[in-house]
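A quick write-up on the structure given underneath.
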Protein chains: 2
Amino acid sequence: MGVSARSRRLSRRAFLAAAAASGAAAAVGPASATHAPAAPDARADLAARLRAAAHAPVLQKSLFPRAATISSVELLRNGRFFLVRARTSDGAVGLAEGHGPVLESAWPILARRVAPYFVGKDARDLDALVDGVYVADSNYKWQGLPFWASVASVELAVLDLLGRIAGVAVGNLLGSVRRREIAVYRASGNRGNSPEEELAYLQRVTEETGAAAIKFRLGGRMRYDQTTTRRDKALIPLTRKAFGDRVTLYADANGSYDVPTAVEIGRLMQEHGFAFYEEPVPFDYYEETKAVADALEIRVAGGEEEPSLRQFRWMIEHGVLQVVQPDMFYFGGMTRATRVARMAEAAGLECTPHMSGSGLGFLYAAHFASFAPAHGPHQEYKGTDELPVSSPTSPLRAEKGVVRVPTGPGLGVEFDPAFLRAARVVEG
Amino acid sequence: MGVSARSRRLSRRAFLAAAAASGAAAAVGPASATHAPAAPDARADLAARLRAAAHAPVLQKSLFPRAATISSVELLRNGRFFLVRARTSDGAVGLAEGHGPVLESAWPILARRVAPYFVGKDARDLDALVDGVYVADSNYKWQGLPFWASVASVELAVLDLLGRIAGVAVGNLLGSVRRREIAVYRASGNRGNSPEEELAYLQRVTEETGAAAIKFRLGGRMRYDQTTTRRDKALIPLTRKAFGDRVTLYADANGSYDVPTAVEIGRLMQEHGFAFYEEPVPFDYYEETKAVADALEIRVAGGEEEPSLRQFRWMIEHGVLQVVQPDMFYFGGMTRATRVARMAEAAGLECTPHMSGSGLGFLYAAHFASFAPAHGPHQEYKGTDELPVSSPTSPLRAEKGVVRVPTGPGLGVEFDPAFLRAARVVEG
C-alpha cells in the first residue's frame, strides 16, 4: 500500500464520517479531494457524533413489557472457573462464566463492590446500571481491569437472564443479529521462540482451526532488545512468504517499542501487507501511538487496556487508533463495548474487540460480532478450554475458521448440571 | 484575582520553567511580556525536562553499601487493618500499614500479583522494582487503584526496611528531609448537609485541629442537580465570610460538573479567593478539565485517580492541571509520587498529594512532604483512627494545624506488639 492508498483510506474514512452525518452528496468533493487535517467544522461535527454514539441507548427495552427485578447476584466457583448467576424475583435465572484468570485475584471486587449494586434493580435498566455501578460507592476511582472485568462478568449473567426472559439471543437484546458465522483469526501467545518455530506453530494452528487470518507477537512485551528485533524482522517476511496472500496477517507488539523502532517495524509490516499493527508502544503513551500511526500507512490497533469510555472517544476523535479493540471483559462488558463500536462506526473505523484468553471469551466475542457495528473481517480466537458447557445450536469452537453463534435465548449455552452443583458460592 | 493576576501567575509559571531550564536572565523578557501559548521551542524543552524528571533515579542507593535481599513479603490482617511486613535474608524487618479500605477488596492482588515479585530481589533496586512489578505477569493491564495501592503498600514496607537498615527516615531515602513540621488542611467528607451545617462542622474541625486551611465538597460526586448547586453557591461565600482571610479555602467537586457549570462555580470560587478547585469535571475528561482551567484564574487541582505516569506527564505538559495530586496509595507509592512531584517542579506547578482516608495515610503524606519538591503550603489531613501505633518523635496527629514528621529510621513508628501478634498472615 503506497501513499496514494493511504490517502484513499483517509479519504474514505472522512467520506464515511461525513456521509453518516449529513448525506453523502454534499461531502464527496472536499473529502475526496484532500487528506489535509479535517476542517474545524468537520472536527466539531465528528466530536458531536462520537458523543452521541457513546451515550445512545443500547439495551432494547421494548422487548420487556414487565419489570425484571434482580433478586440475587451470586459468584460461584468450581476450581479455576468462576460463574455468575443472576436471578429475578419471579424465578428467571441467568448464568455466565466470569473471567477466571482475572477473578482469581479480583473476586472480592466483584463480590463486594459490584454484585450488591445490581440486587433490587430492574435488569431492563442495564444501560443505567452499568453506568451506575461505576459511580456508586466511589467505584469510579477503581476504574480499570479488575473492576470492569467484574462488572462484565455480572453483566453477562444479566444479559443471559434478559435473553431467557425475552426468548432472544444476546445479539437481539443489544441490536439486531446480522450474522451467525463469525470468521476468526487465531492469535498466537508465543514469544521467545525462533522465527522458524513460530512459523511452524502458526501453520499448525491455522490448519487445525482453518482460520484464514492469524496474529503473532512482536517485541518482548513492554520491552525490546536486539534478540527480539531480530526475530521480528525475520518473522514478518517469513510468514508472508509462507502463507502467501491466502492468509490475513496481523501482529501485536504488546507495547514493546519506542517510536522510532515502532515505525521501523511498522514499515516492514506494511511492505508485507499486514492488515493491522497492534500496540506498537505502551498503551498509555497516546501521543506516541498517534505519532506511529501518523508515520505509517498500516492501521494501528489498540485499546485492550483502555478502561475509560471518554478516553476511547478522545482516541477516536484524535486519530490515535484506526482499529479499536475494547476487551469484552477488561472494558466492562457488551453495553460499553457497543458504545465503542458505535463510535468507531461514526468515525469510519473498525472495532475488533480484544479477546481475553480463557473460558467462554470466544463465545462472548462471537455474540458481540453477531450484532455490533464496525466489526472487522475476523474476530480474535484463542481456543477453548475444558469448561463443561454445551449448546444445541453451536459446536462452541472454531471450525473451518468460523465460530457459529448460538441462536438460543441469552448466551444460548447450558452448563453441565453436575459441574454447577459442585460449584460453591463465593462470599465477599 | 483579576485577569492581570492570572497573567502574572502564568508569567511566573513560564518564568520558573524557563529559568529552571536555561537560567533566568534569558527568558524574563518574553515570558513576562505575554501569556500567549508557549513557543514550540519552549514546549519541546518542557517536554524534555518532564521526561527527564519522570525517569531520574529516586532511591539514594549510595546509602547502602551491601545488598538488601528481600526474603519475604507478608500481608497481615488484624480486623479491618492490613499490614505488610518485608524481611531481608539477614534479619532486617520493615513494616507498614497498607490501605485498609482498598485491600478489603484488593488483597488477592497484593498477595498474588505484587508481593511475590519482590521476593528475592535487592531492595536497593526499589526504583526498578516498582517499574518492574508493573510489567511482570502483564500487570500493566491491571494499572489502576487496586493494583497500585497494593504496590504502594508493599513499597512502604520496603522503605521502612531500607530506612531501618540505613538508619535514616524515609525522607532521607528518597531525597533530603527539608522540613519536619507539615502544615495540613482539613478535608471535610460531608455532602448533602445544609450550608450552615457544613460551616458549623468546618468551624469545629478547624478549631480542633488548628488547621489554617480547609477543604470542603461541592456538587453531588460525579453528578450535580439544583439542590447541590444551591448548596455550592451558598457555601462558597459563606465560608469566606465566616473564616475571613485567616483560613485558606479549597473545594473539591469530585468530578460533579459539566464544563459550563464548572466554570460558573469556579468563577464564584475565584471571586472569593479560593486557593484551588479540585476535580471540577470527571477525572478522565481531560479536555474538559483543561477547558475549565483555561476559562478560570483559580488553579485547577486533580490527579487522585490518575494511574499512569505517562498521563500525568501529558497533563502537566498540556496545562490540564495546575495543582497535581497523586495519591500516595492509588498511584503506587512514594517513588512514583516523587516522579510526579519532580515533574510538577519542572513545570513550575504545585504537587499536593491526595490523601486517602484511613490509617497512616496522614503519616505517609507527611513523610512525603518532608522531602518532596513542589509541595504546596498545606497537605491533606483526614484525621487518624485507632490503629495502635506510636512514635517517640511525633504525636502522630495534627496539633495546631501541623503534623510532626517522625525522625526515627524508616517510617519512624512502632506497632503495638500485641496487635502485631494477633495479626494473621493472609495467603493469596
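Within each chain, counting starts at residue 1; across the C-alpha cells, chains are named A, B, ... in the order shown, with ligands numbered 1 upward in that order.
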
List as JSON lines every residue of chain B that is in contact with chain A, defined as an atom at most 7 Å from one of its atoms (using only C-alpha atoms), together with the nearest atom pair and the distance in Å rounded to one decimal, sorted by chain and then rising number.
```
{"residue": "B:Ser105", "atom": "CA", "partner": "A:Pro108", "partner_atom": "CA", "distance": 4.9}
{"residue": "B:Ala106", "atom": "CA", "partner": "A:Ala106", "partner_atom": "CA", "distance": 6.6}
{"residue": "B:Pro108", "atom": "CA", "partner": "A:Ser105", "partner_atom": "CA", "distance": 4.9}
{"residue": "B:Ile109", "atom": "CA", "partner": "A:Ser105", "partner_atom": "CA", "distance": 5.1}
{"residue": "B:Arg112", "atom": "CA", "partner": "A:Ser105", "partner_atom": "CA", "distance": 6.9}
{"residue": "B:Val135", "atom": "CA", "partner": "A:Met222", "partner_atom": "CA", "distance": 6.8}
{"residue": "B:Lys141", "atom": "CA", "partner": "A:Glu305", "partner_atom": "CA", "distance": 5.5}
{"residue": "B:Trp142", "atom": "CA", "partner": "A:Leu145", "partner_atom": "CA", "distance": 5.4}
{"residue": "B:Gln143", "atom": "CA", "partner": "A:Gly144", "partner_atom": "CA", "distance": 6.6}
{"residue": "B:Gly144", "atom": "CA", "partner": "A:Gly144", "partner_atom": "CA", "distance": 5.4}
{"residue": "B:Leu145", "atom": "CA", "partner": "A:Trp142", "partner_atom": "CA", "distance": 5.4}
{"residue": "B:Pro146", "atom": "CA", "partner": "A:Trp142", "partner_atom": "CA", "distance": 6.7}
{"residue": "B:Met222", "atom": "CA", "partner": "A:Val135", "partner_atom": "CA", "distance": 6.8}
{"residue": "B:Asp284", "atom": "CA", "partner": "A:Arg310", "partner_atom": "CA", "distance": 6.7}
{"residue": "B:Tyr285", "atom": "CA", "partner": "A:Arg310", "partner_atom": "CA", "distance": 6.4}
{"residue": "B:Glu305", "atom": "CA", "partner": "A:Lys141", "partner_atom": "CA", "distance": 5.5}
{"residue": "B:Arg310", "atom": "CA", "partner": "A:Tyr285", "partner_atom": "CA", "distance": 6.4}
{"residue": "B:Gln311", "atom": "CA", "partner": "A:Asp284", "partner_atom": "CA", "distance": 6.9}
```

>> I want to know what sits within 12 Å of segment 263-267 of chain A, based on only C-alpha atoms, with residues of the same chain fewer than 5 positions away left out; could you give that as a PyMOL selection string?
In response: chain A and resi 1-2+218-219+224+228-237+250-253+256-258+272-281+288-301

Selected residues written out, N, CA and C atoms, as a compact mmCIF listing (two decimals), in the first residue's frame:
```txt
# COMPACT_ATOMS: atom_id res chain seq x y z
N MET A 1 0.87 -1.20 0.00
CA MET A 1 0.00 0.00 0.00
C MET A 1 0.89 1.23 0.00
N GLY A 2 0.77 2.08 -1.00
CA GLY A 2 1.61 3.27 -1.09
C GLY A 2 0.93 4.47 -0.48
N LEU A 218 5.14 -9.61 18.45
CA LEU A 218 6.41 -8.94 18.15
C LEU A 218 7.00 -8.39 19.45
N GLY A 219 8.27 -8.04 19.40
CA GLY A 219 8.91 -7.38 20.54
C GLY A 219 9.01 -8.31 21.73
N TYR A 224 11.96 -4.28 24.31
CA TYR A 224 12.53 -4.97 23.16
C TYR A 224 14.04 -4.91 23.29
N THR A 228 14.93 -9.72 20.26
CA THR A 228 13.52 -9.69 19.85
C THR A 228 13.37 -9.01 18.49
N THR A 229 14.15 -7.98 18.26
CA THR A 229 14.03 -7.27 16.98
C THR A 229 14.51 -8.14 15.82
N ARG A 230 15.53 -8.95 16.07
CA ARG A 230 15.99 -9.87 15.03
C ARG A 230 14.86 -10.85 14.68
N ARG A 231 14.20 -11.37 15.72
CA ARG A 231 13.06 -12.27 15.48
C ARG A 231 11.96 -11.56 14.70
N ASP A 232 11.62 -10.33 15.14
CA ASP A 232 10.57 -9.56 14.47
C ASP A 232 10.86 -9.41 12.97
N LYS A 233 12.10 -9.00 12.69
CA LYS A 233 12.45 -8.69 11.30
C LYS A 233 12.51 -9.93 10.43
N ALA A 234 12.74 -11.07 11.05
CA ALA A 234 12.72 -12.32 10.29
C ALA A 234 11.28 -12.82 10.10
N LEU A 235 10.49 -12.72 11.15
CA LEU A 235 9.17 -13.35 11.16
C LEU A 235 8.19 -12.65 10.21
N ILE A 236 8.32 -11.35 10.10
CA ILE A 236 7.36 -10.59 9.26
C ILE A 236 7.44 -11.04 7.80
N PRO A 237 8.62 -11.02 7.18
CA PRO A 237 8.64 -11.53 5.80
C PRO A 237 8.44 -13.05 5.70
N TYR A 250 -1.83 -10.35 10.95
CA TYR A 250 -1.83 -9.27 11.94
C TYR A 250 -0.63 -9.50 12.86
N ALA A 251 -0.17 -8.46 13.52
CA ALA A 251 0.86 -8.67 14.55
C ALA A 251 0.66 -7.69 15.70
N ASP A 252 1.08 -8.15 16.86
CA ASP A 252 0.82 -7.44 18.12
C ASP A 252 2.15 -7.24 18.84
N ALA A 253 2.52 -5.99 19.06
CA ALA A 253 3.79 -5.72 19.72
C ALA A 253 3.64 -5.59 21.24
N SER A 256 5.77 -2.87 23.05
CA SER A 256 7.20 -3.12 23.24
C SER A 256 8.12 -1.96 22.88
N TYR A 257 7.75 -1.15 21.89
CA TYR A 257 8.74 -0.28 21.24
C TYR A 257 8.72 1.16 21.71
N ASP A 258 9.79 1.87 21.34
CA ASP A 258 9.76 3.33 21.30
C ASP A 258 9.31 3.73 19.89
N HIS A 272 4.90 -5.78 3.75
CA HIS A 272 4.45 -7.16 3.57
C HIS A 272 2.93 -7.29 3.73
N GLY A 273 2.24 -6.18 3.65
CA GLY A 273 0.79 -6.21 3.55
C GLY A 273 0.07 -6.71 4.79
N PHE A 274 0.63 -6.43 5.96
CA PHE A 274 -0.09 -6.80 7.19
C PHE A 274 -1.33 -5.92 7.34
N ALA A 275 -2.35 -6.48 7.99
CA ALA A 275 -3.65 -5.80 7.99
C ALA A 275 -3.82 -4.84 9.17
N PHE A 276 -3.22 -5.11 10.30
CA PHE A 276 -3.09 -4.09 11.33
C PHE A 276 -1.90 -4.37 12.23
N TYR A 277 -1.56 -3.38 13.04
CA TYR A 277 -0.34 -3.37 13.85
C TYR A 277 -0.78 -2.98 15.25
N GLU A 278 -0.78 -3.97 16.14
CA GLU A 278 -1.38 -3.76 17.46
C GLU A 278 -0.35 -3.29 18.48
N GLU A 279 -0.69 -2.27 19.23
CA GLU A 279 0.11 -1.77 20.36
C GLU A 279 1.59 -1.64 20.08
N PRO A 280 1.95 -0.77 19.17
CA PRO A 280 3.38 -0.60 18.89
C PRO A 280 4.16 -0.06 20.10
N VAL A 281 3.52 0.81 20.87
CA VAL A 281 4.18 1.42 22.05
C VAL A 281 3.26 1.19 23.25
N GLU A 288 2.56 9.02 21.56
CA GLU A 288 3.49 8.19 20.80
C GLU A 288 2.73 7.25 19.87
N THR A 289 1.61 6.72 20.33
CA THR A 289 0.80 5.86 19.47
C THR A 289 0.35 6.63 18.23
N LYS A 290 -0.09 7.85 18.47
CA LYS A 290 -0.52 8.68 17.33
C LYS A 290 0.65 9.01 16.41
N ALA A 291 1.80 9.27 16.99
CA ALA A 291 2.98 9.55 16.16
C ALA A 291 3.31 8.36 15.27
N VAL A 292 3.20 7.17 15.80
CA VAL A 292 3.45 5.96 15.00
C VAL A 292 2.38 5.83 13.90
N ALA A 293 1.12 6.02 14.29
CA ALA A 293 0.03 5.91 13.31
C ALA A 293 0.20 6.94 12.20
N ASP A 294 0.60 8.16 12.58
CA ASP A 294 0.75 9.22 11.58
C ASP A 294 1.90 8.93 10.61
N ALA A 295 2.91 8.20 11.10
CA ALA A 295 4.08 7.94 10.26
C ALA A 295 3.89 6.74 9.35
N LEU A 296 2.83 5.99 9.56
CA LEU A 296 2.66 4.73 8.83
C LEU A 296 1.38 4.72 8.01
N GLU A 297 1.35 3.81 7.04
CA GLU A 297 0.12 3.58 6.29
C GLU A 297 -0.70 2.47 6.94
N ILE A 298 -0.01 1.48 7.51
CA ILE A 298 -0.72 0.38 8.15
C ILE A 298 -1.55 0.93 9.31
N ARG A 299 -2.71 0.34 9.52
CA ARG A 299 -3.57 0.79 10.62
C ARG A 299 -3.01 0.33 11.97
N VAL A 300 -3.03 1.23 12.92
CA VAL A 300 -2.60 0.90 14.28
C VAL A 300 -3.82 0.50 15.09
N ALA A 301 -3.69 -0.63 15.79
CA ALA A 301 -4.79 -1.18 16.59
C ALA A 301 -4.44 -1.09 18.07
```

>> List the spatial neighbours of Phe312 of chain B as a list of chain:residue names - criterion: any atom at most 10 Å away, only C-alpha atoms, same-chain residues fewer than 5 positions off excluded.
In response: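 The residues satisfying every condition are B:Leu50, B:Ala54, B:Gly303, B:Glu306, B:Pro307, B:Glu317, B:His318, B:Val320, B:Leu321, B:Val324, B:Gln325, B:Pro326, B:Arg339, B:Val340, B:Met343, B:Ala344.
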
Convert the current residue selection to file output with all heavy atoms, as a compact mmCIF listing (two decimals), in the first residue's frame.
```
# COMPACT_ATOMS: atom_id res chain seq x y z
N LEU B 50 10.31 17.34 31.47
CA LEU B 50 9.35 16.46 32.16
C LEU B 50 9.75 15.00 32.02
O LEU B 50 9.69 14.23 32.98
CB LEU B 50 7.94 16.67 31.60
CG LEU B 50 7.32 18.04 31.86
CD1 LEU B 50 5.95 18.12 31.19
CD2 LEU B 50 7.18 18.29 33.37
N ALA B 54 10.67 12.56 35.09
CA ALA B 54 9.88 11.35 35.32
C ALA B 54 10.75 10.11 35.46
O ALA B 54 10.30 9.10 36.02
CB ALA B 54 8.87 11.15 34.19
N GLY B 303 -5.85 14.62 39.89
CA GLY B 303 -4.86 13.56 39.71
C GLY B 303 -5.04 12.39 40.66
O GLY B 303 -4.35 11.38 40.53
N GLU B 306 -5.56 9.26 38.80
CA GLU B 306 -4.70 9.02 37.64
C GLU B 306 -3.72 7.89 37.93
O GLU B 306 -2.90 8.01 38.83
CB GLU B 306 -3.94 10.29 37.26
CG GLU B 306 -3.09 10.13 36.02
CD GLU B 306 -3.90 9.66 34.83
OE1 GLU B 306 -4.89 10.31 34.48
OE2 GLU B 306 -3.57 8.58 34.26
N PRO B 307 -3.79 6.78 37.18
CA PRO B 307 -2.87 5.68 37.48
C PRO B 307 -1.60 5.68 36.62
O PRO B 307 -0.71 4.89 36.86
CB PRO B 307 -3.72 4.45 37.13
CG PRO B 307 -4.56 4.92 35.99
CD PRO B 307 -4.81 6.40 36.22
N GLU B 317 2.30 18.70 30.90
CA GLU B 317 2.81 19.35 29.69
C GLU B 317 1.74 20.19 29.00
O GLU B 317 2.02 21.28 28.50
CB GLU B 317 3.36 18.30 28.70
CG GLU B 317 3.95 18.92 27.45
CD GLU B 317 4.39 17.89 26.42
OE1 GLU B 317 4.58 16.71 26.81
OE2 GLU B 317 4.53 18.26 25.24
N HIS B 318 0.51 19.70 29.02
CA HIS B 318 -0.56 20.37 28.29
C HIS B 318 -1.39 21.32 29.14
O HIS B 318 -2.43 21.80 28.70
CB HIS B 318 -1.45 19.33 27.59
CG HIS B 318 -0.74 18.60 26.49
ND1 HIS B 318 -0.78 19.01 25.19
CD2 HIS B 318 0.09 17.52 26.52
CE1 HIS B 318 -0.04 18.20 24.45
NE2 HIS B 318 0.50 17.29 25.24
N VAL B 320 -3.28 20.87 31.78
CA VAL B 320 -4.61 20.41 32.22
C VAL B 320 -4.83 20.77 33.69
O VAL B 320 -5.90 21.23 34.07
CB VAL B 320 -4.76 18.89 31.99
CG1 VAL B 320 -6.09 18.38 32.55
CG2 VAL B 320 -4.64 18.57 30.50
N LEU B 321 -3.82 20.55 34.49
CA LEU B 321 -3.89 20.80 35.93
C LEU B 321 -2.82 21.82 36.33
O LEU B 321 -1.75 21.85 35.74
CB LEU B 321 -3.65 19.50 36.71
CG LEU B 321 -4.59 18.34 36.45
CD1 LEU B 321 -4.10 17.09 37.16
CD2 LEU B 321 -6.01 18.69 36.91
N VAL B 324 -1.08 19.29 41.05
CA VAL B 324 -1.17 17.85 40.77
C VAL B 324 -1.21 17.09 42.08
O VAL B 324 -0.49 17.38 43.03
CB VAL B 324 -0.03 17.36 39.85
CG1 VAL B 324 -0.21 17.90 38.45
CG2 VAL B 324 1.33 17.73 40.40
N GLN B 325 -2.11 16.12 42.12
CA GLN B 325 -2.44 15.44 43.38
C GLN B 325 -2.38 13.92 43.26
O GLN B 325 -3.39 13.24 43.43
CB GLN B 325 -3.86 15.84 43.80
CG GLN B 325 -4.06 17.33 43.94
CD GLN B 325 -5.48 17.66 44.35
OE1 GLN B 325 -6.42 17.31 43.64
NE2 GLN B 325 -5.65 18.32 45.47
N PRO B 326 -1.21 13.36 43.01
CA PRO B 326 -1.14 11.89 43.04
C PRO B 326 -1.48 11.42 44.45
O PRO B 326 -1.13 12.06 45.43
CB PRO B 326 0.33 11.60 42.71
CG PRO B 326 1.07 12.83 43.16
CD PRO B 326 0.12 13.98 42.87
N ARG B 339 8.27 11.10 41.36
CA ARG B 339 8.44 11.40 39.93
C ARG B 339 7.43 12.47 39.50
O ARG B 339 7.76 13.37 38.71
CB ARG B 339 8.27 10.13 39.10
CG ARG B 339 9.31 9.05 39.44
CD ARG B 339 9.27 7.90 38.43
NE ARG B 339 10.16 6.80 38.79
CZ ARG B 339 11.48 6.83 38.65
NH1 ARG B 339 12.06 7.92 38.18
NH2 ARG B 339 12.23 5.80 39.00
N VAL B 340 6.21 12.38 40.01
CA VAL B 340 5.20 13.39 39.67
C VAL B 340 5.58 14.74 40.28
O VAL B 340 5.47 15.78 39.63
CB VAL B 340 3.80 12.95 40.14
CG1 VAL B 340 2.78 14.06 39.93
CG2 VAL B 340 3.36 11.69 39.40
N MET B 343 8.15 16.35 38.24
CA MET B 343 7.60 16.93 37.00
C MET B 343 6.88 18.24 37.31
O MET B 343 6.99 19.22 36.57
CB MET B 343 6.64 15.94 36.33
CG MET B 343 7.33 14.77 35.69
SD MET B 343 6.22 13.85 34.56
CE MET B 343 5.17 13.01 35.72
N ALA B 344 6.13 18.25 38.42
CA ALA B 344 5.44 19.49 38.80
C ALA B 344 6.47 20.60 39.00
O ALA B 344 6.29 21.73 38.53
CB ALA B 344 4.62 19.27 40.08
```

> If you measure from atom CA of Gly410 of chain A to atom CA of Val170 of chain A, what distance in Å do you get, rounded to one decimal?
Replying inline: 4.9 Å

> So which bits of segment 170-293 of chain B end up helix (DSSP H, G or I) when you DSSP the backbone, as a ChimeraX atom specification?
Replying inline: /B:170-174,195-209,226-246,259-271,286-293

>> One number please: atom CA of Ala52 of chain B to atom CA of Met334 of chain B, in Å, one decimal.
In response: 17.7 Å

> Could you work out how far atom CA of Val133 of chain A lies from atom CA of Ser89 of chain A, giving the answer in Å with one decimal?
Replying inline: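 Rounded to one decimal, the two atoms are 20.6 Å apart.
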
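Neighbours of Asn78 of chain A closer than or equal to 8 Å, with only C-alpha atoms counted and sequence neighbours fewer than 4 positions away skipped, come out as Phe82, Phe419, Leu420, Ala422, Ala423 and Arg424 of chain A.
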
Output C-alpha atoms of each residue in that selection to a file, as a PDB file, in the first residue's frame.
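New file selection_14.pdb:
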```
ATOM      1  CA  PHE A  82     -15.923 -18.586  38.179  1.00  0.00           C
ATOM      2  CA  PHE A 419     -20.456 -29.029  37.345  1.00  0.00           C
ATOM      3  CA  LEU A 420     -22.937 -26.419  38.535  1.00  0.00           C
ATOM      4  CA  ALA A 422     -20.275 -28.769  42.566  1.00  0.00           C
ATOM      5  CA  ALA A 423     -19.725 -25.014  42.339  1.00  0.00           C
ATOM      6  CA  ARG A 424     -19.656 -23.111  45.637  1.00  0.00           C
TER       7      ARG A 424
END
```

> In terms of the shortest atom-to-atom distance over only C-alpha atoms, which of A:Ala183, A:Leu83, A:Leu162, A:Ala128 is closest to Thr335 of chain A?
Replying inline: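 Looking at the shortest contact to Thr335 of chain A, the residue is A:Ala128.
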
>> Give me the residues near Ala398 of chain B as a list in words, where near means some atom within 12 Å (using only C-alpha atoms) and where sequence neighbours in that chain fewer than 5 positions away do not count.
In response: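 Once the adjacent positions are removed, what remains is Glu181, Ile182, Ala183, Val184, Tyr185, Arg186, Val205, Thr206, Glu207, Glu208, Thr209, Gly210, Ala211, Ala212, Phe362, Leu363, Ala366, His378, Gln379, Glu380, Tyr381, Lys382, Gly383, Thr384, Val403, Arg404 and Val405 of chain B.
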
Export, as an mmCIF file, in the first residue's frame, the selected residues with N, CA and C atoms.
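The resulting again.cif:
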```cif
data_model
loop_
_atom_site.group_PDB
_atom_site.id
_atom_site.type_symbol
_atom_site.label_atom_id
_atom_site.label_comp_id
_atom_site.auth_asym_id
_atom_site.auth_seq_id
_atom_site.Cartn_x
_atom_site.Cartn_y
_atom_site.Cartn_z
ATOM 1 N N GLU B 181 7.917 19.998 60.168
ATOM 2 C CA GLU B 181 6.599 20.472 60.595
ATOM 3 C C GLU B 181 5.765 20.634 59.336
ATOM 4 N N ILE B 182 4.785 19.773 59.177
ATOM 5 C CA ILE B 182 3.993 19.789 57.947
ATOM 6 C C ILE B 182 2.632 20.411 58.241
ATOM 7 N N ALA B 183 2.413 21.593 57.689
ATOM 8 C CA ALA B 183 1.106 22.240 57.844
ATOM 9 C C ALA B 183 0.068 21.451 57.035
ATOM 10 N N VAL B 184 -1.106 21.283 57.627
ATOM 11 C CA VAL B 184 -2.129 20.476 56.966
ATOM 12 C C VAL B 184 -3.413 21.273 56.739
ATOM 13 N N TYR B 185 -4.164 20.824 55.764
ATOM 14 C CA TYR B 185 -5.540 21.307 55.651
ATOM 15 C C TYR B 185 -6.465 20.172 55.994
ATOM 16 N N ARG B 186 -7.555 20.505 56.616
ATOM 17 C CA ARG B 186 -8.525 19.515 56.991
ATOM 18 C C ARG B 186 -9.537 19.359 55.866
ATOM 19 N N VAL B 205 -13.963 21.550 63.188
ATOM 20 C CA VAL B 205 -12.719 20.809 62.923
ATOM 21 C C VAL B 205 -11.510 21.741 62.825
ATOM 22 N N THR B 206 -11.699 22.927 62.330
ATOM 23 C CA THR B 206 -10.537 23.828 62.306
ATOM 24 C C THR B 206 -10.131 24.208 63.723
ATOM 25 N N GLU B 207 -11.117 24.367 64.597
ATOM 26 C CA GLU B 207 -10.773 24.628 65.999
ATOM 27 C C GLU B 207 -10.043 23.437 66.622
ATOM 28 N N GLU B 208 -10.584 22.248 66.364
ATOM 29 C CA GLU B 208 -9.978 21.050 66.961
ATOM 30 C C GLU B 208 -8.553 20.813 66.484
ATOM 31 N N THR B 209 -8.332 20.953 65.181
ATOM 32 C CA THR B 209 -7.020 20.615 64.634
ATOM 33 C C THR B 209 -6.112 21.833 64.522
ATOM 34 N N GLY B 210 -6.681 23.015 64.652
ATOM 35 C CA GLY B 210 -5.872 24.215 64.481
ATOM 36 C C GLY B 210 -5.435 24.461 63.053
ATOM 37 N N ALA B 211 -6.043 23.748 62.115
ATOM 38 C CA ALA B 211 -5.628 23.905 60.712
ATOM 39 C C ALA B 211 -5.954 25.305 60.212
ATOM 40 N N ALA B 212 -5.019 25.874 59.476
ATOM 41 C CA ALA B 212 -5.220 27.201 58.896
ATOM 42 C C ALA B 212 -5.756 27.092 57.479
ATOM 43 N N PHE B 362 -2.092 9.849 56.682
ATOM 44 C CA PHE B 362 -1.597 11.190 57.038
ATOM 45 C C PHE B 362 -0.094 11.159 57.305
ATOM 46 N N LEU B 363 0.389 10.043 57.877
ATOM 47 C CA LEU B 363 1.823 9.921 58.168
ATOM 48 C C LEU B 363 2.618 9.812 56.871
ATOM 49 N N ALA B 366 2.821 13.089 55.279
ATOM 50 C CA ALA B 366 3.773 13.963 55.977
ATOM 51 C C ALA B 366 5.213 13.590 55.627
ATOM 52 N N HIS B 378 -0.080 23.461 52.310
ATOM 53 C CA HIS B 378 -0.784 22.578 53.250
ATOM 54 C C HIS B 378 -0.977 21.212 52.630
ATOM 55 N N GLN B 379 -0.827 20.173 53.446
ATOM 56 C CA GLN B 379 -1.073 18.804 52.990
ATOM 57 C C GLN B 379 -2.434 18.340 53.518
ATOM 58 N N GLU B 380 -3.064 17.466 52.738
ATOM 59 C CA GLU B 380 -4.389 16.988 53.127
ATOM 60 C C GLU B 380 -4.313 16.178 54.432
ATOM 61 N N TYR B 381 -5.356 16.309 55.222
ATOM 62 C CA TYR B 381 -5.416 15.604 56.506
ATOM 63 C C TYR B 381 -6.852 15.205 56.775
ATOM 64 N N LYS B 382 -7.050 13.915 57.052
ATOM 65 C CA LYS B 382 -8.412 13.434 57.290
ATOM 66 C C LYS B 382 -8.541 12.788 58.653
ATOM 67 N N GLY B 383 -7.668 13.156 59.574
ATOM 68 C CA GLY B 383 -7.763 12.598 60.914
ATOM 69 C C GLY B 383 -7.073 11.253 60.998
ATOM 70 N N THR B 384 -7.113 10.671 62.183
ATOM 71 C CA THR B 384 -6.462 9.395 62.427
ATOM 72 C C THR B 384 -7.542 8.422 62.866
ATOM 73 N N VAL B 403 1.435 18.461 61.408
ATOM 74 C CA VAL B 403 1.851 17.087 61.706
ATOM 75 C C VAL B 403 3.372 17.078 61.779
ATOM 76 N N ARG B 404 3.884 16.524 62.852
ATOM 77 C CA ARG B 404 5.327 16.462 63.041
ATOM 78 C C ARG B 404 5.833 15.136 62.453
ATOM 79 N N VAL B 405 6.777 15.220 61.549
ATOM 80 C CA VAL B 405 7.288 14.014 60.888
ATOM 81 C C VAL B 405 8.235 13.283 61.838
#
```

> Would you give me, as an MDAnalysis selection string, the residues in segment 57-203 of chain B that DSSP reads as strand (DSSP E or B)?
Replying inline: chainID B and resid 69:78 81:88 93:97 122 169 181:187

>> Just want the 8 Å neighbourhood of Ala68 of chain A, counted on only C-alpha atoms, with same-chain residues fewer than 2 positions away dropped. Output as a list in words.
In response: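 Counting only C-alpha atoms, the residues come to Arg66, Ile70, Thr88, Ser89, Asp122, Ala123, Arg124 and Leu162 of chain A.
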
Proximity check segment 205-323 of chain A to segment 187-191 of chain A, 6 Å, nearest pairs one decimal Å, only C-alpha atoms, as JSON lines:
```
{"residue": "A:Ile214", "atom": "CA", "partner": "A:Ala187", "partner_atom": "CA", "distance": 5.9}
{"residue": "A:Lys215", "atom": "CA", "partner": "A:Ala187", "partner_atom": "CA", "distance": 4.7}
{"residue": "A:Phe216", "atom": "CA", "partner": "A:Ser188", "partner_atom": "CA", "distance": 5.1}
```
